[in-house]
Every structure is written in C-alpha cells, then in structure tokens.
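Enquirer: Below is start17.cif; it holds mmCIF, C-alpha atoms.
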data_protein
loop_
_atom_site.group_PDB
_atom_site.id
_atom_site.type_symbol
_atom_site.label_atom_id
_atom_site.label_comp_id
_atom_site.auth_asym_id
_atom_site.auth_seq_id
_atom_site.Cartn_x
_atom_site.Cartn_y
_atom_site.Cartn_z
ATOM 1 C CA MET P 101 -86.361 89.971 53.740
ATOM 2 C CA ASN P 102 -87.514 91.243 50.358
ATOM 3 C CA GLY P 103 -83.927 91.580 49.315
ATOM 4 C CA ARG P 104 -83.203 87.912 50.119
ATOM 5 C CA ILE P 105 -86.217 86.745 48.122
ATOM 6 C CA LEU P 106 -85.151 88.838 45.176
ATOM 7 C CA ALA P 107 -81.690 87.333 45.321
ATOM 8 C CA ILE P 108 -83.100 83.779 45.287
ATOM 9 C CA VAL P 109 -85.411 84.580 42.381
ATOM 10 C CA ALA P 110 -82.491 86.073 40.493
ATOM 11 C CA VAL P 111 -80.389 82.957 41.016
ATOM 12 C CA LEU P 112 -83.219 80.681 39.856
ATOM 13 C CA ALA P 113 -83.794 82.858 36.837
ATOM 14 C CA ILE P 114 -80.104 82.639 35.910
ATOM 15 C CA ALA P 115 -80.154 78.810 36.366
ATOM 16 C CA VAL P 116 -83.224 78.440 34.147
ATOM 17 C CA VAL P 117 -81.767 80.649 31.405
ATOM 18 C CA GLY P 118 -78.413 78.799 31.543
ATOM 19 C CA GLY P 119 -80.059 75.385 31.342
ATOM 20 C CA PHE P 120 -82.205 76.417 28.419
ATOM 21 C CA SER P 121 -79.236 77.802 26.535
ATOM 22 C CA THR P 122 -77.318 74.565 27.054
ATOM 23 C CA TYR P 123 -80.239 72.491 25.765
ATOM 24 C CA VAL P 124 -80.579 74.625 22.623
ATOM 25 C CA LEU P 125 -76.849 74.489 21.929
ATOM 26 C CA PHE P 126 -76.654 70.660 22.364
ATOM 27 C CA ARG P 127 -79.641 70.080 20.074
ATOM 28 C CA GLU P 128 -78.131 72.159 17.307
ATOM 29 C CA ARG P 129 -74.800 70.243 17.401
ATOM 30 C CA THR P 130 -76.216 66.717 17.574
ATOM 31 C CA PRO P 131 -77.670 66.491 13.986
ATOM 32 C CA ALA P 132 -74.429 67.874 12.501
ATOM 33 C CA SER P 133 -72.352 65.270 14.315
ATOM 34 C CA ALA P 134 -74.713 62.469 13.247
ATOM 35 C CA GLU P 135 -74.672 63.681 9.706
ATOM 36 C CA SER P 136 -70.890 63.952 9.776
ATOM 37 C CA ALA P 137 -70.553 60.359 11.080
ATOM 38 C CA SER P 138 -72.973 59.004 8.527
ATOM 39 C CA SER P 139 -71.248 60.888 5.701
ATOM 40 C CA SER P 140 -67.830 59.504 6.689
ATOM 41 C CA ARG P 141 -69.114 55.867 6.418
ATOM 42 C CA PRO P 142 -68.448 54.395 2.857
ATOM 43 C CA ALA P 143 -71.493 53.782 0.709
ATOM 44 C CA PRO P 144 -72.311 50.106 0.298
ATOM 45 C CA THR P 145 -71.498 48.570 -3.102
ATOM 46 C CA ALA P 146 -74.092 46.883 -5.366
ATOM 47 C CA GLU P 147 -72.710 43.411 -4.568
ATOM 48 C CA ALA P 148 -72.871 44.143 -0.820
ATOM 49 C CA SER P 149 -76.428 45.363 -1.195
ATOM 50 C CA ARG P 150 -77.416 42.136 -3.010
ATOM 51 C CA ALA P 151 -75.657 40.073 -0.352
ATOM 52 C CA GLU P 152 -77.506 41.917 2.415
ATOM 53 C CA ALA P 153 -80.785 41.435 0.588
ATOM 54 C CA THR P 154 -80.229 37.704 0.242
ATOM 55 C CA GLU P 155 -78.739 37.211 3.732
ATOM 56 C CA PRO P 156 -81.304 35.747 6.057
ATOM 57 C CA SER P 157 -82.344 37.738 9.036
ATOM 58 C CA ARG P 158 -80.335 37.141 12.161
ATOM 59 C CA ALA P 159 -83.489 37.124 14.139
ATOM 60 C CA GLU P 160 -84.901 34.353 12.010
ATOM 61 C CA PRO P 161 -82.038 32.016 11.062
ATOM 62 C CA ALA P 162 -82.515 30.266 7.738
ATOM 63 C CA THR P 163 -83.319 26.591 7.855
ATOM 64 C CA THR P 164 -80.367 24.545 6.492
ATOM 65 C CA ALA P 165 -80.429 21.000 5.147
ATOM 66 C CA PRO P 166 -79.116 18.337 7.527
ATOM 67 C CA ARG P 167 -75.421 17.662 6.981
ATOM 68 C CA THR P 168 -74.510 14.238 5.596
ATOM 69 C CA PRO P 169 -71.587 12.712 7.475
ATOM 70 C CA ARG P 170 -68.422 12.583 5.397
ATOM 71 C CA ARG P 171 -67.096 9.215 4.397
ATOM 72 C CA THR P 172 -63.417 8.594 4.422
ATOM 73 C CA PRO P 173 -62.494 7.455 0.891
ATOM 74 C CA ALA P 174 -61.134 3.933 0.744
ATOM 75 C CA ALA P 175 -57.456 3.673 0.051
ATOM 76 C CA ALA P 176 -56.742 2.970 -3.610
ATOM 77 C CA PRO P 177 -55.243 -0.498 -4.233
ATOM 78 C CA ALA P 178 -51.517 -0.467 -4.658
ATOM 79 C CA ALA P 179 -50.539 -0.496 -8.310
ATOM 80 C CA GLU P 180 -48.927 -3.740 -9.322
ATOM 81 C CA ALA P 181 -45.443 -3.544 -10.709
ATOM 82 C CA PRO P 182 -45.461 -4.092 -14.482
ATOM 83 C CA ALA P 183 -44.388 -7.588 -15.414
ATOM 84 C CA ALA P 184 -40.981 -7.824 -17.003
ATOM 85 C CA PRO P 185 -41.250 -8.418 -20.747
ATOM 86 C CA ALA P 186 -40.660 -12.042 -21.676
ATOM 87 C CA ALA P 187 -37.374 -12.697 -23.428
ATOM 88 C CA SER P 188 -37.922 -13.309 -27.095
ATOM 89 C CA ALA P 189 -37.134 -16.808 -28.271
ATOM 90 C CA PRO P 190 -33.957 -17.121 -30.354
ATOM 91 C CA GLU P 191 -34.539 -17.430 -34.087
ATOM 92 C CA LEU P 192 -31.141 -18.884 -35.028
ATOM 93 C CA GLY P 193 -29.142 -21.840 -33.783
ATOM 94 C CA THR P 194 -25.761 -21.986 -32.097
ATOM 95 C CA LEU P 195 -23.612 -25.116 -32.426
ATOM 96 C CA ARG P 196 -20.813 -25.930 -30.008
ATOM 97 C CA ILE P 197 -18.662 -28.597 -31.710
ATOM 98 C CA GLU P 198 -16.053 -30.606 -29.810
ATOM 99 C CA ALA P 199 -13.789 -33.475 -30.851
ATOM 100 C CA ASP P 200 -11.755 -36.067 -28.957
ATOM 101 C CA VAL P 201 -8.611 -35.425 -31.049
ATOM 102 C CA PRO P 202 -6.684 -32.146 -31.433
ATOM 103 C CA ASN P 203 -6.803 -29.909 -34.518
ATOM 104 C CA ALA P 204 -9.992 -31.406 -35.924
ATOM 105 C CA GLN P 205 -11.265 -29.155 -38.705
ATOM 106 C CA VAL P 206 -14.983 -28.389 -38.784
ATOM 107 C CA PHE P 207 -17.074 -27.612 -41.862
ATOM 108 C CA ILE P 208 -20.788 -26.840 -42.037
ATOM 109 C CA ASP P 209 -22.331 -27.085 -45.485
ATOM 110 C CA ARG P 210 -18.778 -27.100 -46.908
ATOM 111 C CA GLN P 211 -17.965 -23.809 -45.201
ATOM 112 C CA PHE P 212 -14.947 -23.869 -42.869
ATOM 113 C CA VAL P 213 -15.967 -22.934 -39.322
ATOM 114 C CA GLY P 214 -12.733 -23.471 -37.400
ATOM 115 C CA THR P 215 -10.761 -25.968 -35.352
ATOM 116 C CA ALA P 216 -12.576 -27.873 -32.643
ATOM 117 C CA PRO P 217 -13.582 -26.938 -30.062
ATOM 118 C CA VAL P 218 -15.414 -24.214 -31.977
ATOM 119 C CA THR P 219 -18.767 -22.422 -31.793
ATOM 120 C CA ALA P 220 -20.802 -21.791 -34.927
ATOM 121 C CA GLU P 221 -23.262 -18.966 -34.359
ATOM 122 C CA ASN P 222 -26.264 -17.720 -36.327
ATOM 123 C CA VAL P 223 -26.972 -21.068 -37.996
ATOM 124 C CA LYS P 224 -30.329 -21.113 -39.737
ATOM 125 C CA PRO P 225 -32.787 -23.743 -38.437
ATOM 126 C CA GLY P 226 -33.092 -26.754 -40.690
ATOM 127 C CA THR P 227 -30.983 -29.629 -41.994
ATOM 128 C CA HIS P 228 -27.239 -29.090 -42.386
ATOM 129 C CA GLN P 229 -24.251 -31.262 -43.219
ATOM 130 C CA LEU P 230 -21.431 -31.405 -40.704
ATOM 131 C CA ASN P 231 -17.967 -32.579 -41.808
ATOM 132 C CA VAL P 232 -15.133 -33.024 -39.333
ATOM 133 C CA SER P 233 -11.688 -34.263 -40.329
ATOM 134 C CA ALA P 234 -8.525 -35.002 -38.378
ATOM 135 C CA GLU P 235 -5.114 -36.234 -39.443
ATOM 136 C CA GLY P 236 -4.729 -39.998 -39.101
ATOM 137 C CA PHE P 237 -8.489 -40.594 -38.856
ATOM 138 C CA GLU P 238 -11.251 -41.135 -41.327
ATOM 139 C CA GLY P 239 -13.437 -38.067 -41.760
ATOM 140 C CA ILE P 240 -16.803 -38.011 -40.058
ATOM 141 C CA VAL P 241 -19.895 -36.803 -41.888
ATOM 142 C CA ARG P 242 -23.178 -36.156 -40.107
ATOM 143 C CA THR P 243 -26.521 -34.733 -41.102
ATOM 144 C CA ILE P 244 -27.791 -32.590 -38.238
ATOM 145 C CA ASP P 245 -31.105 -30.849 -37.661
ATOM 146 C CA VAL P 246 -30.575 -27.371 -36.236
ATOM 147 C CA GLU P 247 -33.243 -25.709 -34.108
ATOM 148 C CA PRO P 248 -33.289 -22.205 -32.581
ATOM 149 C CA GLY P 249 -31.071 -21.990 -29.517
ATOM 150 C CA PRO P 250 -27.810 -23.631 -28.429
ATOM 151 C CA ARG P 251 -26.774 -27.228 -29.089
ATOM 152 C CA GLU P 252 -23.637 -29.272 -28.399
ATOM 153 C CA VAL P 253 -22.215 -31.753 -30.892
ATOM 154 C CA ALA P 254 -19.516 -34.214 -29.806
ATOM 155 C CA ILE P 255 -17.380 -35.851 -32.485
ATOM 156 C CA ARG P 256 -15.601 -39.026 -31.393
ATOM 157 C CA PHE P 257 -12.881 -40.114 -33.797
ATOM 158 C CA LYS P 258 -11.634 -42.720 -31.338
ATOM 159 C CA GLU P 259 -14.953 -44.529 -31.107
ATOM 160 C CA VAL P 260 -15.319 -47.420 -33.546
ATOM 161 C CA ARG P 261 -18.756 -47.788 -35.103
ATOM 162 C CA LEU P 262 -19.612 -50.615 -37.460
ATOM 163 C CA ASN P 263 -22.947 -51.865 -38.730
ATOM 164 C CA ALA P 264 -22.622 -53.899 -41.919
ATOM 165 C CA THR P 265 -24.783 -56.730 -43.238
ATOM 166 C CA ILE P 266 -24.470 -58.825 -46.389
ATOM 167 C CA ALA P 267 -26.364 -61.822 -47.783
ATOM 168 C CA VAL P 268 -24.043 -64.766 -48.510
ATOM 169 C CA VAL P 269 -23.938 -68.392 -49.517
ATOM 170 C CA HIS P 270 -21.609 -70.696 -47.660
ATOM 171 C CA LYS P 271 -20.133 -73.336 -49.939
ATOM 172 C CA HIS P 272 -19.605 -76.746 -48.366
ATOM 173 C CA ARG P 273 -17.546 -79.531 -49.813
ATOM 174 C CA VAL P 274 -20.866 -81.019 -50.696
ATOM 175 C CA GLY P 275 -23.712 -78.539 -51.098
ATOM 176 C CA SER P 276 -24.147 -75.085 -49.511
ATOM 177 C CA CYS P 277 -26.268 -73.059 -47.084
ATOM 178 C CA LYS P 278 -27.665 -69.517 -47.262
ATOM 179 C CA GLY P 279 -27.544 -66.891 -44.583
ATOM 180 C CA GLU P 280 -26.185 -63.416 -43.765
ATOM 181 C CA LEU P 281 -23.030 -61.980 -42.246
ATOM 182 C CA VAL P 282 -23.575 -59.255 -39.670
ATOM 183 C CA ALA P 283 -20.586 -57.165 -38.504
ATOM 184 C CA THR P 284 -20.501 -54.690 -35.588
ATOM 185 C CA ALA P 285 -17.689 -53.214 -33.547
ATOM 186 C CA GLN P 286 -18.321 -56.002 -31.031
ATOM 187 C CA GLY P 287 -17.837 -58.854 -33.496
ATOM 188 C CA LEU P 288 -18.968 -60.875 -36.513
ATOM 189 C CA ARG P 289 -21.725 -63.454 -36.689
ATOM 190 C CA TYR P 290 -23.153 -65.737 -39.325
ATOM 191 C CA ASN P 291 -26.927 -66.229 -39.203
ATOM 192 C CA THR P 292 -28.167 -69.335 -41.012
ATOM 193 C CA ASP P 293 -30.632 -72.161 -40.666
ATOM 194 C CA ASP P 294 -27.729 -74.611 -40.618
ATOM 195 C CA LYS P 295 -26.970 -74.842 -36.939
ATOM 196 C CA ASP P 296 -23.616 -76.497 -37.590
ATOM 197 C CA ASP P 297 -22.340 -73.462 -39.531
ATOM 198 C CA ARG P 298 -23.587 -70.674 -37.244
ATOM 199 C CA PHE P 299 -20.886 -68.771 -35.425
ATOM 200 C CA THR P 300 -20.185 -65.609 -33.443
ATOM 201 C CA ALA P 301 -16.663 -64.238 -32.994
ATOM 202 C CA THR P 302 -14.926 -61.006 -32.005
ATOM 203 C CA LEU P 303 -13.136 -59.107 -34.757
ATOM 204 C CA ALA P 304 -9.859 -59.946 -33.089
ATOM 205 C CA ASP P 305 -10.661 -63.672 -33.494
ATOM 206 C CA LEU P 306 -10.661 -63.431 -37.297
ATOM 207 C CA GLU P 307 -7.431 -65.122 -38.292
ATOM 208 C CA THR P 308 -8.189 -64.820 -42.014
ATOM 209 C CA PHE P 309 -10.527 -62.257 -43.517
ATOM 210 C CA LEU P 310 -9.834 -61.848 -47.231
ATOM 211 C CA VAL P 311 -11.668 -61.466 -50.573
ATOM 212 C CA ASP P 312 -10.519 -63.511 -53.549
ATOM 213 C CA TYR P 313 -11.712 -61.686 -56.653
ATOM 214 C CA GLU P 314 -10.947 -64.494 -59.015
ATOM 215 C CA ASP P 315 -13.103 -66.922 -57.087
ATOM 216 C CA LYS P 316 -15.538 -64.159 -55.976
ATOM 217 C CA ASN P 317 -15.103 -65.561 -52.558
ATOM 218 C CA LEU P 318 -14.730 -64.157 -49.046
ATOM 219 C CA LYS P 319 -12.506 -66.399 -46.988
ATOM 220 C CA ILE P 320 -12.886 -66.342 -43.212
ATOM 221 C CA LYS P 321 -10.764 -68.437 -40.843
ATOM 222 C CA LEU P 322 -11.596 -68.282 -37.141
ATOM 223 C CA ARG P 323 -8.761 -68.554 -34.664
ATOM 224 C CA LYS P 324 -8.904 -72.091 -33.309
ATOM 225 C CA GLY P 325 -11.938 -72.698 -35.495
ATOM 226 C CA LYS P 326 -13.066 -73.723 -38.946
ATOM 227 C CA GLN P 327 -12.687 -71.974 -42.274
ATOM 228 C CA TYR P 328 -15.600 -70.558 -44.331
ATOM 229 C CA ASN P 329 -15.937 -69.679 -48.002
ATOM 230 C CA PHE P 330 -18.704 -67.160 -48.651
ATOM 231 C CA THR P 331 -19.962 -65.992 -52.010
ATOM 232 C CA ASP P 332 -22.535 -63.426 -53.069
ATOM 233 C CA PRO P 333 -25.892 -64.972 -54.123
ATOM 234 C CA ASP P 334 -25.682 -62.986 -57.357
ATOM 235 C CA GLY P 335 -21.973 -63.598 -57.866
ATOM 236 C CA ASN P 336 -21.161 -59.923 -57.135
ATOM 237 C CA ALA P 337 -17.626 -59.687 -55.763
ATOM 238 C CA ASP P 338 -17.905 -55.916 -55.210
ATOM 239 C CA ARG P 339 -20.398 -56.324 -52.373
ATOM 240 C CA LEU P 340 -18.041 -58.819 -50.729
ATOM 241 C CA PHE P 341 -15.156 -56.358 -51.094
ATOM 242 C CA VAL P 342 -17.057 -53.411 -49.533
ATOM 243 C CA PHE P 343 -18.094 -55.576 -46.586
ATOM 244 C CA GLN P 344 -14.546 -56.861 -46.076
ATOM 245 C CA ARG P 345 -13.101 -53.304 -46.326
ATOM 246 C CA ASP P 346 -15.422 -51.858 -43.656
ATOM 247 C CA VAL P 347 -14.748 -54.723 -41.264
ATOM 248 C CA ASP P 348 -10.983 -54.461 -41.762
ATOM 249 C CA LYS P 349 -10.988 -50.728 -40.933
ATOM 250 C CA ALA P 350 -12.733 -51.418 -37.668
ATOM 251 C CA ARG P 351 -10.330 -54.247 -36.876
ATOM 252 C CA GLN P 352 -7.311 -51.979 -37.406
ATOM 253 C CA ARG P 353 -8.686 -49.200 -35.230
ATOM 254 C CA LEU P 354 -9.559 -51.578 -32.419
ATOM 255 C CA ALA P 355 -6.033 -52.976 -32.645
ATOM 256 C CA LYS P 356 -4.703 -49.408 -32.073
ATOM 257 C CA GLY P 357 -6.744 -49.075 -28.893
ATOM 258 C CA ASP P 358 -9.824 -47.198 -30.045
ATOM 259 C CA THR P 359 -13.102 -47.959 -28.280
ATOM 260 C CA ALA P 360 -15.832 -50.158 -29.738
ATOM 261 C CA THR P 361 -19.328 -48.657 -29.606
ATOM 262 C CA GLN P 362 -22.753 -49.890 -30.561
#
Show me, as structure tokens, the structure contained in the file I just sent.

Expert:
Amino acid sequence: MNGRILAIVAVLAIAVVGGFSTYVLFRERTPASAESASSSRPAPTAEASRAEATEPSRAEPATTAPRTPRRTPAAAPAAEAPAAPAASAPELGTLRIEADVPNAQVFIDRQFVGTAPVTAENVKPGTHQLNVSAEGFEGIVRTIDVEPGPREVAIRFKEVRLNATIAVVHKHRVGSCKGELVATAQGLRYNTDDKDDRFTATLADLETFLVDYEDKNLKIKLRKGKQYNFTDPDGNADRLFVFQRDVDKARQRLAKGDTATQ
C-alpha cells in the first residue's frame, strides 16, 4: 500500500517538474522569436510615417465633402468649312473679234493683232481704236471702250450703214424752196415746207444722182418722177460732193446684194 502511494507521488512529481520545464523553455523562446519577426520587418520611411500621421483613423472615418455630380460636356459645334476664296476680278480686257468676210485684218491702236476671227488678250481698260480691213470692202474704224473681262466685237462688212444730212436749196423755174436732204441705207428723202416738192424714195429709185461742179448743183432724177436741182445755201459744192459720194457708195453696195441696216 505504501509502495503504491509512493509510486503515484513519484509520477505526479515527474509530471509537475516536466510541465514547469516546458513552461520555462517556451517563455525563453517567445521573446526571441518576436524580436526576430519585428527585426525582419522593414523600417517605415519618412514619407510613410507622414502619410500614416495624416491618414485618418479607420475607427473614425474622416468626413468628406459631398460629391458634385459630373456634367457631361456639351459637344463642341462642328467647325464650318472655310469658304473658298473669291476669284479675283480680271484687271485686263479680252477682245474676241469676228468678221463676216474671210481674211479681214485686225488692228488695235495701229498694232496688227491678226486675221479675224482673232482674240486680243491683255488689253488695258480704256478707249482704243479698232481698224478692220478686207479686200474689196471699205475699211471699218471703230472707237471701243474696253473694260476688264471678255468682250465680243462683230464686224459686218456686208451691212450697209448710211446716215448723211445736208442743207439744200431747191431751185424752181420761178423761185426756190429751202429744206434738207436726209440719206439712209433705206432711202433718200427731202424735208421742206413746200409740200409739192417733198419726196421719199429708195436709193434704187434714184435714176440720176450727180454733182455738177460748174453749176454747184446736185441733180436728182427720180425714176418715174420729177427732177430736182439742189444747191448749197452757201454755194459750197464740196459739201454737195461729199453727200453724193457717200450715197453712191451705199447704192453700189446694195446693188451687189449687201444688207441695208439702220
């Protein structure tokens, strides 16, 4: 009986001593391990320390300002395409010159341009003289005003133009009457206050149309009509001759088939 009690006491004593030894050993190792773990962790930098100091506590979240809802920016208006630059106005003129007969030679300000049809480019704006000549026809002279840009000029050699007027005195067998002779491509007329001497006739109806220098007289005989003797009020036969010459040219051209114009 005493032996069994002694055995139990011995076992308890061994258990107590073993437990105490384990406790002492564990306590000695724990600080070293903690120190080792803390030493292996990298030291915080100065910036991290300032960030931690300024970071609000998780337990007490910092109060933040209410968020303003974002607005979607309006779409920018589409850029308009740049307007095309306006074409600059021409500064010089361009003349397109045509004629109703072949090989008509064209001159501008006495400078030969070419044979019609021809285009004269880079003509300065202003007044210019146009001369056109063709074989078998009287030359045509025109004064033209040139403006910037193109222009067409038609020369008609086959058109008959006539506009001539002369003051005359019609000699009767007894007395006389005053008036004027007016000639156009359409005809000849005598305007006077004497209603018995007035007449109108086509150029083709002039049977006689002749100047007598000695008498300073223009004789006109109408086909199937009367005869007239016209003189110049001042006795100037030259004016009668110029009038008769211009009318005769028109008569000859009309007889060839050219066209009468106003």

Enquirer: Can you list every residue of region 274-331 of chain P that has an atom at most 7 Å from region 335-355 of chain P, with its nearest atom pair and the distance in Å to one decimal, using only C-alpha atoms, ordered by chain then number, as JSON lines?

Expert:
{"residue": "P:Ala283", "atom": "CA", "partner": "P:Val347", "partner_atom": "CA", "distance": 6.9}
{"residue": "P:Ala285", "atom": "CA", "partner": "P:Ala350", "partner_atom": "CA", "distance": 6.7}
{"residue": "P:Leu303", "atom": "CA", "partner": "P:Arg351", "partner_atom": "CA", "distance": 6.0}
{"residue": "P:Ala304", "atom": "CA", "partner": "P:Arg351", "partner_atom": "CA", "distance": 6.9}
{"residue": "P:Leu310", "atom": "CA", "partner": "P:Gln344", "partner_atom": "CA", "distance": 7.0}
{"residue": "P:Val311", "atom": "CA", "partner": "P:Phe341", "partner_atom": "CA", "distance": 6.2}
{"residue": "P:Tyr313", "atom": "CA", "partner": "P:Ala337", "partner_atom": "CA", "distance": 6.3}
{"residue": "P:Lys316", "atom": "CA", "partner": "P:Ala337", "partner_atom": "CA", "distance": 4.9}
{"residue": "P:Leu318", "atom": "CA", "partner": "P:Leu340", "partner_atom": "CA", "distance": 6.5}
{"residue": "P:Thr331", "atom": "CA", "partner": "P:Gly335", "partner_atom": "CA", "distance": 6.6}

Enquirer: Considering all atoms listed in the file, can you say which of P:Asn317, P:Thr194, P:Thr243, P:Gln286 comes closest to Asp332 (chain P)?

Expert: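 Closest to Asp332 (chain P), using all atoms listed in the file: P:Asn317.
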
Enquirer: Counting only C-alpha atoms, which residue out of P:Gln211, P:Glu191, P:His272, P:Phe237 sits closest to Lys258 (chain P)?

Expert: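 Selected residue with least distance to Lys258 (chain P): P:Phe237.
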
Enquirer: Could you state which residues are captured by the PyMOL selection byres ((chain P and resi 198) around 9) in this file, as a PDB file with C-alpha atoms, in the coordinates of the input?

Expert:
ATOM      1  CA  ARG P 196     -20.813 -25.930 -30.008  1.00  0.00           C
ATOM      2  CA  ILE P 197     -18.662 -28.597 -31.710  1.00  0.00           C
ATOM      3  CA  ALA P 199     -13.789 -33.475 -30.851  1.00  0.00           C
ATOM      4  CA  ASP P 200     -11.755 -36.067 -28.957  1.00  0.00           C
ATOM      5  CA  VAL P 201      -8.611 -35.425 -31.049  1.00  0.00           C
ATOM      6  CA  ALA P 204      -9.992 -31.406 -35.924  1.00  0.00           C
ATOM      7  CA  THR P 215     -10.761 -25.968 -35.352  1.00  0.00           C
ATOM      8  CA  ALA P 216     -12.576 -27.873 -32.643  1.00  0.00           C
ATOM      9  CA  PRO P 217     -13.582 -26.938 -30.062  1.00  0.00           C
ATOM     10  CA  VAL P 218     -15.414 -24.214 -31.977  1.00  0.00           C
ATOM     11  CA  THR P 219     -18.767 -22.422 -31.793  1.00  0.00           C
ATOM     12  CA  GLU P 252     -23.637 -29.272 -28.399  1.00  0.00           C
ATOM     13  CA  VAL P 253     -22.215 -31.753 -30.892  1.00  0.00           C
ATOM     14  CA  ALA P 254     -19.516 -34.214 -29.806  1.00  0.00           C
ATOM     15  CA  ILE P 255     -17.380 -35.851 -32.485  1.00  0.00           C
ATOM     16  CA  ARG P 256     -15.601 -39.026 -31.393  1.00  0.00           C
TER      17      ARG P 256
END

Enquirer: Would you mind listing what lies within 10 Å of Ser276 (chain P) as a list in words, with all atoms listed in the file counted and same-chain residues fewer than 4 positions away left out?

Expert: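 In the requested form, the answer reads Val269, His270, Lys271, His272, Asp294, Asn329 and Phe330 of chain P.
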
Enquirer: Expand the PyMOL selection byres ((chain P and resi 322) around 6) into the individual residues it matches in the shown file, reporting them as a list of chain:residue names.

Expert: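 For this structure, the PyMOL selection byres ((chain P and resi 322) around 6) resolves to P:Asp305, P:Leu306, P:Glu307, P:Lys321, P:Arg323, P:Gly325, P:Lys326.
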
Enquirer: Would you please work out which residue, of P:Leu288, P:Val206, P:Val268, P:Val274, is nearest to Ile240 (chain P) when using all atoms listed in the file?

Expert: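 Closest to Ile240 (chain P) of all the choices is P:Val206.
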
Enquirer: If you measure from CA of Ser233 (chain P) to CA of Gln205 (chain P), what distance in Å do you get, rounded to one decimal?

Expert: 5.4 Å
